[in-house]
$ cat run.csv   # CSV, C-alpha atoms
chain,number,residue,atom,x,y,z
A,1,MET,CA,0.0,0.0,0.0
A,2,HIS,CA,1.1,3.5,-0.7
A,3,LEU,CA,0.2,6.0,2.0
A,4,PHE,CA,-0.7,9.5,1.0
A,5,LYS,CA,-2.1,12.4,2.9
A,6,ASN,CA,-4.1,15.2,1.3
A,7,GLU,CA,-4.2,18.6,2.9
A,8,ILE,CA,-7.8,19.9,3.6
A,9,ASP,CA,-8.0,23.3,5.1
A,10,GLY,CA,-4.8,22.8,7.1
A,11,CYS,CA,-5.6,19.2,8.1
A,12,PHE,CA,-4.1,16.1,6.6
A,13,VAL,CA,-6.3,13.1,5.7
A,14,LYS,CA,-5.0,9.7,4.8
A,15,ARG,CA,-5.7,8.3,1.3
A,16,PHE,CA,-4.6,4.9,0.3
A,17,CYS,CA,-3.5,3.9,-3.2
A,18,ASN,CA,-2.2,0.7,-4.7
A,19,ARG,CA,1.6,1.3,-5.0
A,20,ASN,CA,4.8,-0.7,-4.6
A,21,THR,CA,6.5,1.6,-2.1
A,22,LEU,CA,5.5,3.3,1.1
A,23,VAL,CA,5.7,7.0,1.1
A,24,ALA,CA,3.9,9.1,3.7
A,25,LEU,CA,3.1,12.7,4.3
A,26,LEU,CA,3.7,12.6,8.0
A,27,LEU,CA,4.1,15.8,9.9
A,28,SER,CA,4.4,16.5,13.6
A,29,SER,CA,1.2,16.5,15.7
A,30,THR,CA,1.4,20.3,15.8
A,31,LEU,CA,0.3,20.4,12.2
A,32,LEU,CA,-2.7,18.1,12.5
A,33,ALA,CA,-5.0,20.5,14.4
A,34,CYS,CA,-8.1,21.6,12.5
A,35,SER,CA,-10.1,23.0,15.4
A,36,SER,CA,-9.6,23.6,19.1
A,37,THR,CA,-11.4,22.7,22.3
A,38,ASP,CA,-10.6,23.2,25.9
A,39,ASP,CA,-9.6,19.5,26.2
A,40,GLU,CA,-6.9,19.6,23.5
A,41,ASP,CA,-3.2,19.7,24.0
A,42,PRO,CA,-2.1,23.3,23.9
A,43,ASP,CA,0.5,22.5,21.4
A,44,THR,CA,-2.2,21.6,18.8
A,45,LEU,CA,-4.5,24.6,19.3
A,46,VAL,CA,-5.0,26.8,16.3
A,47,ALA,CA,-4.5,30.5,17.1
A,48,GLU,CA,-7.5,32.7,16.6
A,49,LEU,CA,-7.0,35.9,14.7
A,50,THR,CA,-7.1,38.9,16.9
A,51,GLU,CA,-7.6,42.6,16.1
A,52,ILE,CA,-4.5,44.4,14.8
A,53,ASN,CA,-3.4,48.0,14.4
A,54,GLU,CA,-3.7,48.2,10.6
A,55,THR,CA,-1.4,50.8,9.1
A,56,PHE,CA,-2.8,50.4,5.6
A,57,THR,CA,-5.4,48.6,3.5
A,58,PRO,CA,-4.2,46.2,0.7
A,59,GLN,CA,-5.6,47.1,-2.7
A,60,VAL,CA,-6.9,44.3,-5.0
A,61,LEU,CA,-5.9,45.3,-8.5
A,62,TRP,CA,-7.8,42.4,-10.2
A,63,ASP,CA,-9.4,39.1,-9.3
A,64,ARG,CA,-9.7,36.1,-11.6
A,65,SER,CA,-10.5,32.4,-11.4
A,66,VAL,CA,-8.2,29.5,-12.4
A,67,GLY,CA,-10.5,26.5,-12.8
A,68,ASP,CA,-11.2,24.8,-9.5
A,69,GLY,CA,-7.6,25.4,-8.2
A,70,VAL,CA,-6.1,22.4,-6.3
A,71,ASP,CA,-9.3,21.5,-4.4
A,72,ASP,CA,-8.5,19.5,-1.3
A,73,TYR,CA,-5.1,18.1,-2.4
A,74,PHE,CA,-1.7,18.9,-1.1
A,75,SER,CA,-0.1,21.1,-3.8
A,76,ARG,CA,2.5,23.8,-4.3
A,77,LEU,CA,1.1,25.2,-7.5
A,78,LYS,CA,1.5,29.0,-7.5
A,79,PRO,CA,1.4,31.8,-10.1
A,80,ALA,CA,4.5,32.7,-12.1
A,81,VAL,CA,5.2,36.1,-13.6
A,82,ALA,CA,7.1,36.8,-16.8
A,83,TYR,CA,6.7,38.5,-20.2
A,84,ASP,CA,4.1,40.9,-18.9
A,85,LYS,CA,1.9,38.0,-18.0
A,86,VAL,CA,0.8,36.0,-14.9
A,87,TYR,CA,0.7,32.3,-15.5
A,88,SER,CA,-1.2,29.9,-13.3
A,89,ALA,CA,-2.7,26.4,-13.4
A,90,SER,CA,-5.3,24.2,-11.7
A,91,ARG,CA,-4.9,20.6,-10.7
A,92,GLU,CA,-7.3,19.4,-13.4
A,93,GLY,CA,-5.2,20.9,-16.2
A,94,ASP,CA,-6.3,24.5,-16.8
A,95,VAL,CA,-3.3,26.6,-17.7
A,96,ILE,CA,-4.1,30.3,-18.1
A,97,ALA,CA,-2.0,33.4,-19.0
A,98,PHE,CA,-3.4,36.7,-17.7
A,99,ASP,CA,-2.3,40.3,-18.7
A,100,ILE,CA,-0.2,41.5,-15.7
A,101,LYS,CA,-1.8,44.9,-15.6
A,102,THR,CA,-5.5,44.2,-16.3
A,103,GLY,CA,-5.9,40.5,-15.4
A,104,LYS,CA,-7.5,40.0,-18.8
A,105,GLU,CA,-7.1,36.4,-20.1
A,106,VAL,CA,-4.5,36.2,-22.9
A,107,TRP,CA,-4.7,32.5,-23.6
A,108,GLN,CA,-5.9,29.2,-22.0
A,109,ASN,CA,-5.0,25.6,-22.6
A,110,ASP,CA,-6.2,22.3,-21.1
A,111,LEU,CA,-3.6,19.8,-20.2
A,112,SER,CA,-6.2,17.1,-19.6
A,113,ASP,CA,-7.0,17.2,-23.3
A,114,ILE,CA,-3.8,18.6,-24.7
A,115,ASN,CA,-4.2,16.7,-28.1
A,116,ASN,CA,-7.9,17.7,-28.4
A,117,GLU,CA,-9.1,14.0,-28.4
A,118,ARG,CA,-11.9,14.3,-25.9
A,119,SER,CA,-15.4,14.1,-27.3
A,120,PHE,CA,-18.4,16.0,-26.1
A,121,TRP,CA,-19.6,12.8,-24.3
A,122,ASP,CA,-16.4,12.0,-22.5
A,123,ALA,CA,-15.9,13.0,-18.9
A,124,ARG,CA,-12.9,15.2,-18.1
A,125,VAL,CA,-10.1,13.2,-16.5
A,126,SER,CA,-7.8,15.4,-14.3
A,127,ALA,CA,-4.3,16.0,-15.6
A,128,LEU,CA,-3.1,15.9,-11.9
A,129,VAL,CA,-1.0,19.1,-12.4
A,130,ALA,CA,1.2,19.5,-9.3
A,131,GLY,CA,4.6,20.9,-10.4
A,132,GLY,CA,5.1,24.5,-11.7
A,133,PRO,CA,4.6,26.6,-13.5
A,134,THR,CA,8.2,27.6,-14.3
A,135,VAL,CA,8.7,30.2,-17.0
A,136,GLY,CA,11.7,31.0,-19.2
A,137,SER,CA,13.1,30.5,-22.7
A,138,ASP,CA,9.7,31.9,-23.9
A,139,LYS,CA,8.0,28.8,-22.6
A,140,ILE,CA,6.0,27.7,-19.6
A,141,PHE,CA,6.9,24.3,-18.0
A,142,ILE,CA,4.6,22.2,-15.9
A,143,GLY,CA,4.7,18.7,-14.4
A,144,THR,CA,2.1,16.3,-13.2
A,145,GLU,CA,1.6,13.5,-10.7
A,146,SER,CA,1.3,11.1,-13.6
A,147,GLY,CA,4.9,11.8,-14.7
A,148,LYS,CA,4.2,14.1,-17.6
A,149,VAL,CA,6.3,17.2,-18.3
A,150,PHE,CA,4.8,19.8,-20.7
A,151,ALA,CA,6.4,22.8,-22.4
A,152,LEU,CA,3.9,25.4,-23.7
A,153,SER,CA,4.6,28.6,-25.6
A,154,ALA,CA,4.6,31.5,-23.2
A,155,GLN,CA,3.0,33.7,-25.9
A,156,THR,CA,0.2,31.4,-27.2
A,157,GLY,CA,-0.1,28.5,-24.8
A,158,GLU,CA,0.4,26.0,-27.7
A,159,LEU,CA,2.2,22.7,-26.9
A,160,VAL,CA,5.9,22.9,-27.8
A,161,TRP,CA,6.9,19.4,-26.4
A,162,GLN,CA,6.0,16.9,-23.8
A,163,ALA,CA,8.0,14.2,-22.1
A,164,ASP,CA,7.6,11.4,-19.6
A,165,ILE,CA,9.5,10.8,-16.3
A,166,LYS,CA,9.1,8.0,-13.8
A,167,GLY,CA,7.6,9.4,-10.7
A,168,GLU,CA,5.3,12.2,-9.5
A,169,VAL,CA,6.3,15.8,-10.4
A,170,ILE,CA,4.9,17.6,-7.4
A,171,THR,CA,7.2,20.7,-7.4
A,172,LYS,CA,8.3,23.2,-9.9
A,173,PRO,CA,11.1,22.4,-12.4
A,174,ALA,CA,14.2,24.5,-12.5
A,175,LEU,CA,15.5,26.3,-15.7
A,176,GLY,CA,19.0,27.5,-16.3
A,177,GLU,CA,21.4,27.7,-19.3
A,178,ASN,CA,18.6,26.3,-21.5
A,179,ILE,CA,18.4,23.2,-19.4
A,180,LEU,CA,15.2,22.1,-17.6
A,181,VAL,CA,15.7,20.0,-14.5
A,182,VAL,CA,12.8,18.0,-13.1
A,183,ASN,CA,12.8,16.3,-9.7
A,184,THR,CA,10.3,13.6,-8.7
A,185,ALA,CA,8.9,12.0,-5.5
A,186,SER,CA,10.4,8.7,-6.6
A,187,GLY,CA,13.9,10.0,-6.5
A,188,ILE,CA,14.3,10.3,-10.3
A,189,MET,CA,15.7,13.6,-11.5
A,190,LYS,CA,16.0,14.3,-15.2
A,191,ALA,CA,17.4,17.1,-17.3
A,192,PHE,CA,15.9,18.1,-20.6
A,193,ASP,CA,16.8,20.4,-23.4
A,194,ALA,CA,14.4,23.3,-22.8
A,195,ASN,CA,13.8,23.9,-26.5
A,196,THR,CA,13.3,20.3,-27.7
A,197,GLY,CA,12.5,18.2,-24.7
A,198,GLU,CA,15.4,15.9,-25.5
A,199,GLU,CA,16.6,14.0,-22.4
A,200,LEU,CA,20.2,15.1,-21.4
A,201,TRP,CA,20.8,13.1,-18.3
A,202,LYS,CA,19.1,11.2,-15.5
A,203,VAL,CA,19.9,10.7,-11.8
A,204,GLU,CA,18.4,8.1,-9.5
A,205,GLN,CA,18.4,9.2,-5.8
A,206,ASP,CA,17.7,7.0,-2.8
A,207,VAL,CA,14.4,7.8,-1.1
A,208,PRO,CA,13.8,6.7,2.5
A,209,ALA,CA,10.8,4.4,3.2
A,210,LEU,CA,9.1,7.2,5.2
A,211,THR,CA,9.2,10.8,3.9
A,212,LEU,CA,7.0,13.9,3.7
A,213,ARG,CA,4.5,14.2,0.9
A,214,GLY,CA,6.6,16.7,-0.8
A,215,ILE,CA,10.0,17.1,-2.3
A,216,SER,CA,12.6,19.9,-2.7
A,217,ALA,CA,12.4,21.8,-5.9
A,218,PRO,CA,15.8,21.9,-7.7
A,219,VAL,CA,17.6,25.2,-7.9
A,220,ILE,CA,20.2,26.1,-10.6
A,221,ALA,CA,23.1,28.3,-9.9
A,222,SER,CA,26.8,28.6,-10.8
A,223,GLY,CA,26.6,25.6,-13.2
A,224,GLY,CA,25.1,23.4,-10.5
A,225,VAL,CA,21.8,21.9,-9.5
A,226,ILE,CA,21.2,22.2,-5.8
A,227,LEU,CA,18.3,20.4,-4.0
A,228,GLY,CA,17.3,19.0,-0.7
A,229,THR,CA,16.7,15.2,-0.1
A,230,GLY,CA,14.4,13.0,1.9
A,231,LYS,CA,17.5,11.9,3.9
A,232,GLY,CA,18.0,15.3,5.4
A,233,GLU,CA,20.7,16.4,3.0
A,234,VAL,CA,21.5,19.2,0.6
A,235,SER,CA,23.2,18.0,-2.6
A,236,VAL,CA,24.7,19.5,-5.7
A,237,TYR,CA,24.9,18.0,-9.2
A,238,ILE,CA,26.8,19.4,-12.2
A,239,LEU,CA,24.2,20.9,-14.5
A,240,GLU,CA,25.9,19.9,-17.8
A,241,LYS,CA,26.3,16.2,-17.1
A,242,GLY,CA,24.5,15.4,-13.9
A,243,GLN,CA,27.5,14.2,-11.9
A,244,GLN,CA,27.1,14.5,-8.1
A,245,GLY,CA,29.3,17.0,-6.3
A,246,TRP,CA,29.2,17.6,-2.5
A,247,THR,CA,26.5,16.5,-0.1
A,248,THR,CA,25.9,18.1,3.3
A,249,GLU,CA,23.7,16.7,6.1
A,250,ILE,CA,21.5,19.2,7.8
A,251,GLY,CA,18.6,17.1,9.3
A,252,GLU,CA,18.9,15.6,12.7
A,253,ALA,CA,16.8,12.5,13.4
A,254,SER,CA,15.5,12.4,17.0
A,255,GLY,CA,13.0,10.4,18.9
A,256,THR,CA,12.2,6.7,18.9
A,257,THR,CA,9.4,6.4,16.2
A,258,GLU,CA,9.8,6.6,12.4
A,259,LEU,CA,7.6,9.7,12.4
A,260,GLU,CA,9.8,11.4,14.9
A,261,ARG,CA,12.9,10.6,12.7
A,262,VAL,CA,11.6,12.1,9.4
A,263,ILE,CA,14.2,14.8,8.5
A,264,ASP,CA,13.3,15.8,4.9
A,265,VAL,CA,14.8,18.9,3.3
A,266,ASP,CA,11.5,19.6,1.6
A,267,SER,CA,11.8,23.3,0.6
A,268,ALA,CA,14.0,24.5,-2.2
A,269,PRO,CA,17.4,25.8,-1.0
A,270,VAL,CA,18.0,29.5,-1.6
A,271,ILE,CA,21.2,30.7,-3.3
A,272,PHE,CA,22.4,34.2,-2.2
A,273,GLY,CA,25.8,35.2,-3.4
A,274,ASP,CA,28.2,32.4,-2.6
A,275,LYS,CA,26.0,30.9,0.1
A,276,VAL,CA,23.2,28.3,0.1
A,277,TYR,CA,20.5,28.6,2.8
A,278,ALA,CA,18.4,25.5,3.5
A,279,ILE,CA,16.2,24.1,6.2
A,280,SER,CA,15.1,20.6,7.3
A,281,SER,CA,11.6,19.6,8.4
A,282,ARG,CA,13.2,18.4,11.6
A,283,GLY,CA,16.7,19.6,12.2
A,284,ASN,CA,18.4,22.9,11.3
A,285,LEU,CA,18.4,26.1,9.3
A,286,VAL,CA,21.9,26.2,7.8
A,287,SER,CA,24.2,28.5,5.8
A,288,ILE,CA,26.4,26.5,3.4
A,289,GLU,CA,29.4,27.5,1.3
A,290,LEU,CA,28.2,27.0,-2.3
A,291,GLN,CA,31.6,26.0,-3.6
A,292,SER,CA,32.6,23.4,-1.0
A,293,GLY,CA,29.4,22.4,0.8
A,294,ARG,CA,30.9,23.4,4.2
A,295,ILE,CA,28.4,24.5,6.9
A,296,ILE,CA,29.1,28.0,8.0
A,297,TRP,CA,26.5,28.2,10.7
A,298,LYS,CA,23.4,26.3,11.7
A,299,ARG,CA,20.5,27.0,14.0
A,300,GLN,CA,17.8,24.7,15.4
A,301,TYR,CA,14.6,25.6,13.4
A,302,SER,CA,12.4,23.1,11.5
A,303,SER,CA,10.3,23.8,8.5
A,304,TYR,CA,9.0,22.4,5.2
A,305,ARG,CA,7.9,25.8,3.9
A,306,GLN,CA,9.9,27.9,1.5
A,307,ILE,CA,12.4,30.4,3.1
A,308,ALA,CA,13.1,33.9,1.9
A,309,VAL,CA,16.4,35.8,1.9
A,310,TYR,CA,16.5,39.6,1.5
A,311,ARG,CA,19.5,41.8,2.0
A,312,ASN,CA,21.0,40.7,5.3
A,313,ASP,CA,18.0,38.8,6.6
A,314,ILE,CA,16.5,35.4,6.4
A,315,TYR,CA,12.7,34.9,7.0
A,316,ILE,CA,11.3,31.5,7.8
A,317,THR,CA,8.0,29.9,8.8
A,318,THR,CA,8.4,26.9,11.1
A,319,THR,CA,6.3,23.7,11.3
A,320,LYS,CA,4.2,25.4,14.0
A,321,GLY,CA,3.4,28.4,11.9
A,322,HIS,CA,5.8,30.7,13.8
A,323,VAL,CA,7.5,33.4,11.6
A,324,TYR,CA,11.1,34.4,12.4
A,325,SER,CA,13.7,36.8,11.1
A,326,LEU,CA,17.4,36.0,11.4
A,327,ASN,CA,20.6,37.6,10.4
A,328,ARG,CA,21.9,36.1,7.2
A,329,ASN,CA,25.5,36.3,8.2
A,330,ASN,CA,25.4,34.6,11.6
A,331,GLY,CA,21.9,33.1,12.1
A,332,ILE,CA,21.2,35.3,15.1
A,333,GLU,CA,17.5,35.7,15.6
A,334,ARG,CA,16.1,39.3,15.1
A,335,TRP,CA,12.5,38.8,15.9
A,336,SER,CA,9.7,36.2,16.1
A,337,ASN,CA,5.9,36.3,15.6
A,338,LEU,CA,4.0,33.4,17.3
A,339,SER,CA,0.5,34.7,16.8
A,340,LEU,CA,-0.3,32.5,13.8
A,341,THR,CA,0.4,29.2,15.5
A,342,ASN,CA,-0.9,26.1,13.7
A,343,ARG,CA,-2.7,28.1,11.1
A,344,GLY,CA,-1.1,26.3,8.2
A,345,VAL,CA,1.1,29.4,7.5
A,346,THR,CA,2.8,29.6,4.1
A,347,GLY,CA,6.4,30.5,3.5
A,348,PRO,CA,7.2,34.2,3.7
A,349,ALA,CA,7.4,36.5,0.7
A,350,VAL,CA,9.1,39.9,0.7
A,351,VAL,CA,7.2,42.9,-0.6
A,352,ASP,CA,8.3,46.5,0.0
A,353,ASN,CA,9.1,46.8,3.7
A,354,TYR,CA,7.0,43.8,4.7
A,355,ILE,CA,6.9,40.0,4.9
A,356,VAL,CA,3.7,38.4,3.7
A,357,VAL,CA,2.3,35.0,4.6
A,358,GLY,CA,-1.0,33.2,3.9
A,359,ASP,CA,-2.9,30.8,6.1
A,360,PHE,CA,-5.4,28.0,5.9
A,361,GLU,CA,-8.4,30.3,6.3
A,362,GLY,CA,-7.4,32.3,3.2
A,363,TYR,CA,-5.9,35.4,4.9
A,364,LEU,CA,-2.8,37.2,3.9
A,365,HIS,CA,-0.9,38.8,6.7
A,366,TRP,CA,1.6,41.7,6.3
A,367,LEU,CA,4.4,41.7,8.9
A,368,ASN,CA,6.7,44.7,9.5
A,369,GLN,CA,10.2,43.6,8.4
A,370,GLU,CA,11.9,45.4,11.3
A,371,THR,CA,9.6,44.3,14.1
A,372,GLY,CA,7.6,41.3,12.9
A,373,GLU,CA,4.4,43.0,14.0
A,374,ILE,CA,1.3,42.2,11.8
A,375,VAL,CA,0.3,45.6,10.3
A,376,ALA,CA,-2.3,44.6,7.6
A,377,ARG,CA,-4.5,41.7,6.7
A,378,HIS,CA,-6.6,40.7,3.7
A,379,GLU,CA,-8.9,37.7,3.0
A,380,VAL,CA,-8.4,36.2,-0.5
A,381,ASP,CA,-10.7,33.3,-0.2
A,382,GLY,CA,-12.1,31.2,2.6
A,383,SER,CA,-10.9,27.9,1.0
A,384,GLY,CA,-7.4,28.8,2.2
A,385,ILE,CA,-4.0,29.7,0.8
A,386,HIS,CA,-1.6,26.8,0.4
A,387,SER,CA,1.5,28.3,-1.3
A,388,THR,CA,3.9,31.1,-0.7
A,389,PRO,CA,2.6,34.3,-2.4
A,390,THR,CA,4.4,35.3,-5.6
A,391,VAL,CA,5.8,38.9,-5.7
A,392,SER,CA,6.8,40.9,-8.7
A,393,ASP,CA,7.4,44.6,-8.8
A,394,ASP,CA,5.9,44.9,-5.3
A,395,VAL,CA,2.6,43.3,-6.4
A,396,ILE,CA,1.5,40.1,-4.7
A,397,TYR,CA,-0.1,37.3,-6.7
A,398,SER,CA,-1.9,34.8,-4.5
A,399,GLN,CA,-4.1,31.9,-5.4
A,400,SER,CA,-6.5,30.2,-3.1
A,401,ARG,CA,-7.3,26.4,-3.0
A,402,ASP,CA,-10.5,27.0,-5.0
A,403,GLY,CA,-8.5,28.8,-7.7
A,404,ASP,CA,-9.3,32.4,-6.8
A,405,LEU,CA,-6.3,34.4,-8.1
A,406,GLN,CA,-5.8,38.0,-6.9
A,407,ALA,CA,-3.2,40.7,-7.8
A,408,ILE,CA,-2.8,42.8,-4.6
A,409,ALA,CA,-0.9,46.1,-4.2
A,410,THR,CA,0.7,47.2,-1.0
A,411,PRO,CA,0.2,51.0,-0.6
A,412,LYS,CA,3.3,53.0,0.1
A,413,ILE,CA,3.3,54.6,3.6
A,414,VAL,CA,4.3,58.3,3.3
A,415,THR,CA,5.9,59.7,6.5
A,416,ALA,CA,5.3,63.4,7.0
A,417,GLU,CA,8.5,65.4,7.2
A,418,LYS,CA,9.0,67.3,10.5
$ encode --input "run.csv" --output "C-alpha cells"
Amino acid sequence: MHLFKNEIDGCFVKRFCNRNTLVALLLSSTLLACSSTDDEDPDTLVAELTEINETFTPQVLWDRSVGDGVDDYFSRLKPAVAYDKVYSASREGDVIAFDIKTGKEVWQNDLSDINNERSFWDARVSALVAGGPTVGSDKIFIGTESGKVFALSAQTGELVWQADIKGEVITKPALGENILVVNTASGIMKAFDANTGEELWKVEQDVPALTLRGISAPVIASGGVILGTGKGEVSVYILEKGQQGWTTEIGEASGTTELERVIDVDSAPVIFGDKVYAISSRGNLVSIELQSGRIIWKRQYSSYRQIAVYRNDIYITTTKGHVYSLNRNNGIERWSNLSLTNRGVTGPAVVDNYIVVGDFEGYLHWLNQETGEIVARHEVDGSGIHSTPTVSDDVIYSQSRDGDLQAIATPKIVTAEK
C-alpha cells in the first residue's frame, strides 16, 4: 500500500492507493490540528485571529478564477510572472495566462486534453497538475503526478513538447542555461533540453521508506543543480552532465518512532551570493558555502515551507506556523511572531518593507520587516492559501485552493516630514 495524505483546510487526511513503495506525508502533531477545544493539547491549538493595528489597506488590482484550483489536495502550485503576464494552473489541467496589468485572459490551454481528443460525451479526467509553473526560454513548463512534463509557448499556450518521467512531479522544475531539471517524488531527476525536450541526463536518488508528501524543488546556480533530499541532506549536481558533487547533512533525526525521525529537506534551497541557505523539516536552518558544501553556521529551526532571503535577513515559517527573522551572516534571531500558531502558514514572501504569509483560512498577513508585527490583513478566499505568495514589482499574486487568483498592491506609507 502507498500511504498518502491530502491537505484539507490545514488538516491532513489519509488516502490509500495501490503502489509498490511506502511514502507518507507525516508531519508532527502540531500540524494536525483543525479545530480547538478546551480539552486539547495546547501544542495543537489553532491560534484565533485577533484585532491588529492596521497601518494600511491592501488594494486588490484584479481578481480572476483559475478553474477549481487544487481542491482539497496537497499542492505547491503557485502563479509565475514573466513576459508581462501572470501564468497559473489548476490541478485538473487548466493553464491560463493573464495580462499582468488588467488581469484579462490572454490564452488558455487544457492539459487534460492537450491533443484535443476528448469528445463531447467524454468526462474530463484530471491532468493531476502539481509541479510548476516555471517560465523561461519563452515557454512555460509544468509537471504532473502522472509523470508528464509539458512545455507550452509562453505567448500562445500551444504545446511545444512533452516528455515522460518515472515518478510524480509535485514541485516546480528549474530552468537554467537552456536546461530544464525536473525532480520527482520517486527520486528520479531528469534534465531536458528546454527547446526540444530531449533528455540530457538522469539521476536516481535514494528515497527513505518514510518521507514527507513533498520534495525539494531543484535550484540552478553557478553551473550546478542544488536540492534537498528525503534523507535530510542538501546535494549539488553538475548541470551539464548530472554528476554529483558535494552532499551536506542538515537534518537531525531524534525520537524513537519513524515519524519522529523524518528529516526531509522539503523546501527549495535559496542561493544568495556564494552561500546556500536551507532548512530541514526536523533539524536545522543552515548556511552552506556554495563551492565546498561546508556548513558556515546552523540553528535549530524546523520547516517544510519555503524560506526567503532579503538583503542581510532570512525569513522562515516553522512547522508550527511561527515566523522568524534571522541575520543572514550569523543566524542570530532578530524577531519572532508566534501569533499564527498552527494556522497552516505559508512560507514568507518579501514585498516592499513587509513580509507576507498566507494561512489555511485564506488570509494574507503583512508583517513589518523590522519588528515582525502584523500591520495589515486581507482575505483572499475562505478555501485557504496553500503556497507562498508570488511577488513581482511589489505586487502580490496569491491563489487560493479554490482557484481564486488575486493581484494585490501594498500602498506606500508616506511619512510626513518634520
$ residues_near_point --input "run.csv" --point "(-4.2, 18.8, -8.2)" --cutoff "10 Å" --atoms "only C-alpha atoms" --output "list in words"
Asp68, Gly69, Val70, Asp71, Asp72, Tyr73, Phe74, Ser75, Arg76, Leu77, Ala89, Ser90, Arg91, Glu92, Gly93, Ser126, Ala127, Leu128, Val129, Ala130, Gly131, Thr144, Glu145, Ile170 and Arg401 of chain A
$ residues_around --input "run.csv" --residues "Gln205 of chain A" --least-positions-apart "6" --cutoff "9 Å" --atoms "only C-alpha atoms" --output "mmCIF file with C-alpha atoms, in the coordinates of the input"
data_model
loop_
_atom_site.group_PDB
_atom_site.id
_atom_site.type_symbol
_atom_site.label_atom_id
_atom_site.label_comp_id
_atom_site.auth_asym_id
_atom_site.auth_seq_id
_atom_site.Cartn_x
_atom_site.Cartn_y
_atom_site.Cartn_z
ATOM 1 C CA SER A 186 10.400 8.700 -6.600
ATOM 2 C CA GLY A 187 13.900 10.000 -6.500
ATOM 3 C CA ILE A 188 14.300 10.300 -10.300
ATOM 4 C CA MET A 189 15.700 13.600 -11.500
ATOM 5 C CA THR A 229 16.700 15.200 -0.100
#
$ atom_distance --input "run.csv" --atom1 "atom CA of Val356 of chain A" --atom2 "atom CA of Ala268 of chain A"
18.3 Å
$ atom_distance --input "run.csv" --atom1 "atom CA of Pro173 of chain A" --atom2 "atom CA of Ala217 of chain A"
6.7 Å
$ atom_distance --input "run.csv" --atom1 "atom CA of Ala163 of chain A" --atom2 "atom CA of Tyr397 of chain A"
28.9 Å
$ residues_around --input "run.csv" --residues "segment 289-304 of chain A" --least-positions-apart "5" --cutoff "7 Å" --atoms "only C-alpha atoms" --output "PDB file with C-alpha atoms, keeping the file's coordinate frame"
ATOM      1  CA  TRP A 246      29.200  17.600  -2.500  1.00  0.00           C
ATOM      2  CA  THR A 247      26.500  16.500  -0.100  1.00  0.00           C
ATOM      3  CA  THR A 248      25.900  18.100   3.300  1.00  0.00           C
ATOM      4  CA  ASP A 266      11.500  19.600   1.600  1.00  0.00           C
ATOM      5  CA  SER A 267      11.800  23.300   0.600  1.00  0.00           C
ATOM      6  CA  ASP A 274      28.200  32.400  -2.600  1.00  0.00           C
ATOM      7  CA  LYS A 275      26.000  30.900   0.100  1.00  0.00           C
ATOM      8  CA  VAL A 276      23.200  28.300   0.100  1.00  0.00           C
ATOM      9  CA  ILE A 279      16.200  24.100   6.200  1.00  0.00           C
ATOM     10  CA  SER A 280      15.100  20.600   7.300  1.00  0.00           C
ATOM     11  CA  SER A 281      11.600  19.600   8.400  1.00  0.00           C
ATOM     12  CA  ARG A 282      13.200  18.400  11.600  1.00  0.00           C
ATOM     13  CA  GLY A 283      16.700  19.600  12.200  1.00  0.00           C
ATOM     14  CA  ASN A 284      18.400  22.900  11.300  1.00  0.00           C
ATOM     15  CA  THR A 317       8.000  29.900   8.800  1.00  0.00           C
ATOM     16  CA  THR A 318       8.400  26.900  11.100  1.00  0.00           C
ATOM     17  CA  THR A 319       6.300  23.700  11.300  1.00  0.00           C
ATOM     18  CA  ASN A 330      25.400  34.600  11.600  1.00  0.00           C
ATOM     19  CA  GLY A 331      21.900  33.100  12.100  1.00  0.00           C
TER      20      GLY A 331
END
$ residues_near_point --input "run.csv" --point "(16.0, 14.0, -10.9)" --cutoff "10 Å" --atoms "all atoms listed in the file" --output "JSON, numbers by chain"
{"A": [165, 166, 167, 169, 173, 181, 182, 183, 184, 185, 186, 187, 188, 189, 190, 191, 201, 202, 203, 204, 205, 217, 218, 225, 227, 237, 242]}
$ closest_residue --input "run.csv" --among "A:Gln162, A:Thr50, A:Ser398, A:Ser153" --to "Glu199 of chain A" --atoms "all atoms listed in the file"
A:Gln162
$ build_atoms --input "run.csv" --residues "segment 321-330 of chain A" --atoms "N, CA and C atoms" --output "PDB file, in the coordinates of the input"
ATOM      1  N   GLY A 321       4.024  27.219  12.408  1.00  0.00           N
ATOM      2  CA  GLY A 321       3.400  28.400  11.900  1.00  0.00           C
ATOM      3  C   GLY A 321       4.015  29.703  12.518  1.00  0.00           C
ATOM      4  N   HIS A 322       5.153  29.573  13.211  1.00  0.00           N
ATOM      5  CA  HIS A 322       5.800  30.700  13.800  1.00  0.00           C
ATOM      6  C   HIS A 322       6.721  31.365  12.711  1.00  0.00           C
ATOM      7  N   VAL A 323       6.725  32.684  12.639  1.00  0.00           N
ATOM      8  CA  VAL A 323       7.500  33.400  11.600  1.00  0.00           C
ATOM      9  C   VAL A 323       8.702  34.048  12.339  1.00  0.00           C
ATOM     10  N   TYR A 324       9.887  33.848  11.751  1.00  0.00           N
ATOM     11  CA  TYR A 324      11.100  34.400  12.400  1.00  0.00           C
ATOM     12  C   TYR A 324      11.921  35.169  11.330  1.00  0.00           C
ATOM     13  N   SER A 325      12.672  36.130  11.848  1.00  0.00           N
ATOM     14  CA  SER A 325      13.700  36.800  11.100  1.00  0.00           C
ATOM     15  C   SER A 325      15.029  36.609  11.720  1.00  0.00           C
ATOM     16  N   LEU A 326      16.032  36.242  10.894  1.00  0.00           N
ATOM     17  CA  LEU A 326      17.400  36.000  11.400  1.00  0.00           C
ATOM     18  C   LEU A 326      18.401  36.712  10.556  1.00  0.00           C
ATOM     19  N   ASN A 327      19.527  37.008  11.177  1.00  0.00           N
ATOM     20  CA  ASN A 327      20.600  37.600  10.400  1.00  0.00           C
ATOM     21  C   ASN A 327      21.228  36.618   9.485  1.00  0.00           C
ATOM     22  N   ARG A 328      21.370  36.987   8.235  1.00  0.00           N
ATOM     23  CA  ARG A 328      21.900  36.100   7.200  1.00  0.00           C
ATOM     24  C   ARG A 328      23.329  35.684   7.440  1.00  0.00           C
ATOM     25  N   ASN A 329      24.104  36.544   8.031  1.00  0.00           N
ATOM     26  CA  ASN A 329      25.500  36.300   8.200  1.00  0.00           C
ATOM     27  C   ASN A 329      25.916  35.390   9.330  1.00  0.00           C
ATOM     28  N   ASN A 330      25.080  35.389  10.383  1.00  0.00           N
ATOM     29  CA  ASN A 330      25.400  34.600  11.600  1.00  0.00           C
ATOM     30  C   ASN A 330      24.292  33.763  12.135  1.00  0.00           C
TER      31      ASN A 330
END
